[in-house]
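Structure first, then comments.
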Amino acid sequence: MNEEFMTEAIRLSIEKMGNGDGGPFGAVVVRNGQIVSRGWNRVTSTNDPTAHAEIVAIREACRELNTFWLGDCELYVNCEPCPMCLAAVYWAGIRKIYYGAVRQDAADVGFGDAYIAGELGKPASERNMQVEQGMREEALAAFAIWDKMEDKIEY
């Protein structure tokens, strides 16, 4: 772990929270020993529940590097990623995460990571959110077109 990069993630979490940008979370995307992007929680300042520090940093890194694949990057965050952010890290192809605090530390001050992780582990029929599936055959039309496209960009 590079302490300089972790210190930057922690600094962002404290500074940006103090500025009223959102919750106490900061993230840094690093490539080849250089910071590519910085992110901090902007949920409350942008009214965007997906504007977690990791998501913001990933979006900025992708813009900066002009790619959706960050397989040669690392992520430094002041707290273990929530389920949404962890999924985004997988989608971005990032192969290494360094974190400071753990999810339970976030839960101890009121963040719902554990609840969401628990919900995701349940079968859809047992979750607190109602889900209903329908019109599968019609929805498959998009996949049939995608499957035959010769110029698609796979991800």
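All residue names refer to the structure tokens as shown: chains lettered A, B, ... in order, residues numbered from 1 in each chain, ligands numbered from 1 in order.
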- Using DSSP on the backbone coordinates, identify the residues of chain A assigned to helix (DSSP H, G or I); present them as a ChimeraX atom specification. /A:3-18,43-46,53-65,83-92,103-108,113-120,124-126,136-148
With range 3-13 of chain A as the partner and 6 Å as the cut-off, tabulate the residues of range 65-90 of chain A that qualify, each row holding the nearest pair of atoms and their distance in Å to one decimal, using only C-alpha atoms, sorted by chain and rising number, as a tab-separated table.
residue	atom	partner	partner_atom	distance
A:Tyr76	CA	A:Met6	CA	5.7
A:Val77	CA	A:Ala9	CA	5.5
A:Asn78	CA	A:Ile10	CA	5.2
- Message: What's around Ile97 in chain A at 9 Å? Count only C-alpha atoms, leave out sequence neighbours fewer than 5 positions away in its own chain, and write the answer as a ChimeraX atom specification.
- Response: /A:74-77,80-81,89
Okay, now the selection with N, CA, C and O atoms, as an mmCIF file, in the first residue's frame?
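Wrote it out as result32.cif, contents follow:
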data_model
loop_
_atom_site.group_PDB
_atom_site.id
_atom_site.type_symbol
_atom_site.label_atom_id
_atom_site.label_comp_id
_atom_site.auth_asym_id
_atom_site.auth_seq_id
_atom_site.Cartn_x
_atom_site.Cartn_y
_atom_site.Cartn_z
ATOM 1 N N GLU A 74 -5.289 1.072 -9.951
ATOM 2 C CA GLU A 74 -5.590 0.665 -8.584
ATOM 3 C C GLU A 74 -6.494 1.715 -7.964
ATOM 4 O O GLU A 74 -6.492 2.870 -8.389
ATOM 5 N N LEU A 75 -7.245 1.314 -6.962
ATOM 6 C CA LEU A 75 -8.152 2.233 -6.278
ATOM 7 C C LEU A 75 -7.778 2.312 -4.805
ATOM 8 O O LEU A 75 -7.613 1.281 -4.142
ATOM 9 N N TYR A 76 -7.629 3.531 -4.309
ATOM 10 C CA TYR A 76 -7.398 3.797 -2.886
ATOM 11 C C TYR A 76 -8.641 4.496 -2.349
ATOM 12 O O TYR A 76 -9.080 5.503 -2.921
ATOM 13 N N VAL A 77 -9.217 3.953 -1.281
ATOM 14 C CA VAL A 77 -10.410 4.543 -0.676
ATOM 15 C C VAL A 77 -10.261 4.549 0.842
ATOM 16 O O VAL A 77 -9.630 3.664 1.411
ATOM 17 N N GLU A 80 -13.781 0.667 2.998
ATOM 18 C CA GLU A 80 -14.116 -0.484 2.158
ATOM 19 C C GLU A 80 -15.348 -0.159 1.306
ATOM 20 O O GLU A 80 -16.338 0.350 1.826
ATOM 21 N N PRO A 81 -15.318 -0.428 0.013
ATOM 22 C CA PRO A 81 -16.437 -0.056 -0.864
ATOM 23 C C PRO A 81 -17.747 -0.755 -0.517
ATOM 24 O O PRO A 81 -17.755 -1.928 -0.117
ATOM 25 N N VAL A 89 -16.301 -1.212 -9.463
ATOM 26 C CA VAL A 89 -14.864 -1.523 -9.569
ATOM 27 C C VAL A 89 -14.678 -2.744 -10.463
ATOM 28 O O VAL A 89 -13.805 -2.761 -11.338
#
- Nearest to Leu86 in chain A by atom-to-atom distance, counting only C-alpha atoms, from A:Ile55, A:Ala107, A:Met135, A:Leu70: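 Comparing A:Ile55, A:Ala107, A:Met135, A:Leu70 against Leu86 in chain A, the winner is A:Ile55.
Distance-wise, CA of Ile58 in chain A and CA of Tyr99 in chain A end up 15.4 Å apart.
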- Message: Among chain A, which residues does DSSP mark as strand (DSSP E) when it is run on the backbone? Keep the chain and numbering as in the structure and answer as a VMD selection string.
- Response: chain A and resid 26 to 31 34 to 40 73 to 79 96 to 101
Would you export the selected residues with N, CA, C and O atoms as a short mmCIF file (atom, residue, chain, number, x, y, z; two decimals), in the first residue's frame, please?
data_model
loop_
_atom_site.label_atom_id
_atom_site.label_comp_id
_atom_site.auth_asym_id
_atom_site.auth_seq_id
_atom_site.Cartn_x
_atom_site.Cartn_y
_atom_site.Cartn_z
N GLY A 26 -13.64 9.32 0.44
CA GLY A 26 -12.74 9.82 -0.59
C GLY A 26 -12.08 8.67 -1.32
O GLY A 26 -11.88 7.59 -0.75
N ALA A 27 -11.75 8.89 -2.60
CA ALA A 27 -11.16 7.83 -3.42
C ALA A 27 -10.15 8.42 -4.40
O ALA A 27 -10.31 9.57 -4.85
N VAL A 28 -9.15 7.62 -4.74
CA VAL A 28 -8.12 8.02 -5.68
C VAL A 28 -7.86 6.84 -6.62
O VAL A 28 -7.65 5.72 -6.16
N VAL A 29 -7.90 7.10 -7.93
CA VAL A 29 -7.53 6.09 -8.91
C VAL A 29 -6.08 6.35 -9.32
O VAL A 29 -5.72 7.48 -9.65
N VAL A 30 -5.27 5.29 -9.27
CA VAL A 30 -3.84 5.39 -9.54
C VAL A 30 -3.47 4.47 -10.70
O VAL A 30 -3.93 3.32 -10.76
N ARG A 31 -2.64 5.00 -11.59
CA ARG A 31 -2.13 4.22 -12.72
C ARG A 31 -0.64 4.48 -12.86
O ARG A 31 -0.23 5.64 -12.91
N GLN A 34 0.90 7.06 -10.55
CA GLN A 34 0.44 8.45 -10.64
C GLN A 34 -1.06 8.51 -10.39
O GLN A 34 -1.82 7.64 -10.85
N ILE A 35 -1.51 9.55 -9.69
CA ILE A 35 -2.94 9.75 -9.48
C ILE A 35 -3.57 10.18 -10.80
O ILE A 35 -3.15 11.15 -11.42
N VAL A 36 -4.56 9.42 -11.24
CA VAL A 36 -5.29 9.71 -12.47
C VAL A 36 -6.52 10.55 -12.16
O VAL A 36 -6.88 11.46 -12.91
N SER A 37 -7.18 10.23 -11.05
CA SER A 37 -8.40 10.96 -10.69
C SER A 37 -8.64 10.90 -9.20
O SER A 37 -8.12 10.02 -8.50
N ARG A 38 -9.43 11.84 -8.75
CA ARG A 38 -9.84 11.91 -7.35
C ARG A 38 -11.37 11.96 -7.31
O ARG A 38 -11.99 12.57 -8.18
N GLY A 39 -11.92 11.35 -6.29
CA GLY A 39 -13.37 11.40 -6.12
C GLY A 39 -13.71 11.53 -4.66
O GLY A 39 -12.95 11.11 -3.79
N TRP A 40 -14.83 12.14 -4.41
CA TRP A 40 -15.34 12.24 -3.04
C TRP A 40 -16.83 12.14 -3.11
O TRP A 40 -17.45 12.34 -4.15
N CYS A 73 -5.21 -0.01 -13.42
CA CYS A 73 -5.31 0.99 -12.35
C CYS A 73 -5.57 0.32 -11.01
O CYS A 73 -6.03 -0.82 -10.94
N GLU A 74 -5.29 1.07 -9.95
CA GLU A 74 -5.59 0.67 -8.58
C GLU A 74 -6.49 1.71 -7.96
O GLU A 74 -6.49 2.87 -8.39
N LEU A 75 -7.24 1.31 -6.96
CA LEU A 75 -8.15 2.23 -6.28
C LEU A 75 -7.78 2.31 -4.80
O LEU A 75 -7.61 1.28 -4.14
N TYR A 76 -7.63 3.53 -4.31
CA TYR A 76 -7.40 3.80 -2.89
C TYR A 76 -8.64 4.50 -2.35
O TYR A 76 -9.08 5.50 -2.92
N VAL A 77 -9.22 3.95 -1.28
CA VAL A 77 -10.41 4.54 -0.68
C VAL A 77 -10.26 4.55 0.84
O VAL A 77 -9.63 3.66 1.41
N ASN A 78 -10.84 5.55 1.47
CA ASN A 78 -10.71 5.63 2.92
C ASN A 78 -11.57 4.60 3.65
O ASN A 78 -11.37 4.35 4.82
N CYS A 79 -12.52 3.98 2.92
CA CYS A 79 -13.38 2.98 3.53
C CYS A 79 -13.67 1.87 2.51
O CYS A 79 -13.79 2.14 1.31
N LYS A 96 -7.16 -4.10 -8.08
CA LYS A 96 -6.65 -3.99 -6.71
C LYS A 96 -7.28 -2.78 -6.03
O LYS A 96 -7.28 -1.68 -6.57
N ILE A 97 -7.78 -3.01 -4.83
CA ILE A 97 -8.35 -1.97 -3.99
C ILE A 97 -7.58 -1.93 -2.68
O ILE A 97 -7.32 -2.97 -2.07
N TYR A 98 -7.22 -0.73 -2.26
CA TYR A 98 -6.66 -0.51 -0.93
C TYR A 98 -7.67 0.31 -0.16
O TYR A 98 -8.17 1.31 -0.68
N TYR A 99 -8.00 -0.10 1.05
CA TYR A 99 -8.97 0.66 1.84
C TYR A 99 -8.52 0.78 3.28
O TYR A 99 -7.72 -0.01 3.76
N GLY A 100 -9.07 1.81 3.93
CA GLY A 100 -8.75 2.07 5.33
C GLY A 100 -9.77 1.45 6.26
O GLY A 100 -9.62 0.32 6.73
N ALA A 101 -10.84 2.17 6.53
CA ALA A 101 -11.90 1.69 7.42
C ALA A 101 -12.67 0.54 6.74
O ALA A 101 -12.63 0.39 5.51
#
- Mind giving me the straight-line distance from CA of Ala61 in chain A to CA of Trp146 in chain A in Å, one decimal? 27.1 Å
- Message: I'd like to know which of A:Asn19, A:Ser125, A:Ala142, A:Ala92 is closest to Thr67 in chain A, using only C-alpha atoms.
- Response: A:Ala92
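The smallest atom-to-atom distance between Val102 in chain A and any of A:Val43, A:Lys16, A:Glu137, A:Phe25, using only C-alpha atoms, is found for A:Phe25.
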- Got a sec: who's within 8 Å of Gly71 in chain A, counting only C-alpha atoms, leaving out chain neighbours fewer than 3 positions off, as a list of chain:residue names? A:Ala92, A:Gly93, A:Ile94, A:Arg95
- Message: Using only C-alpha atoms, can you tell me which of A:Ala88, A:Met129, A:Leu140, A:Ile153 comes closest to Ala53 in chain A?
- Response: A:Ala88
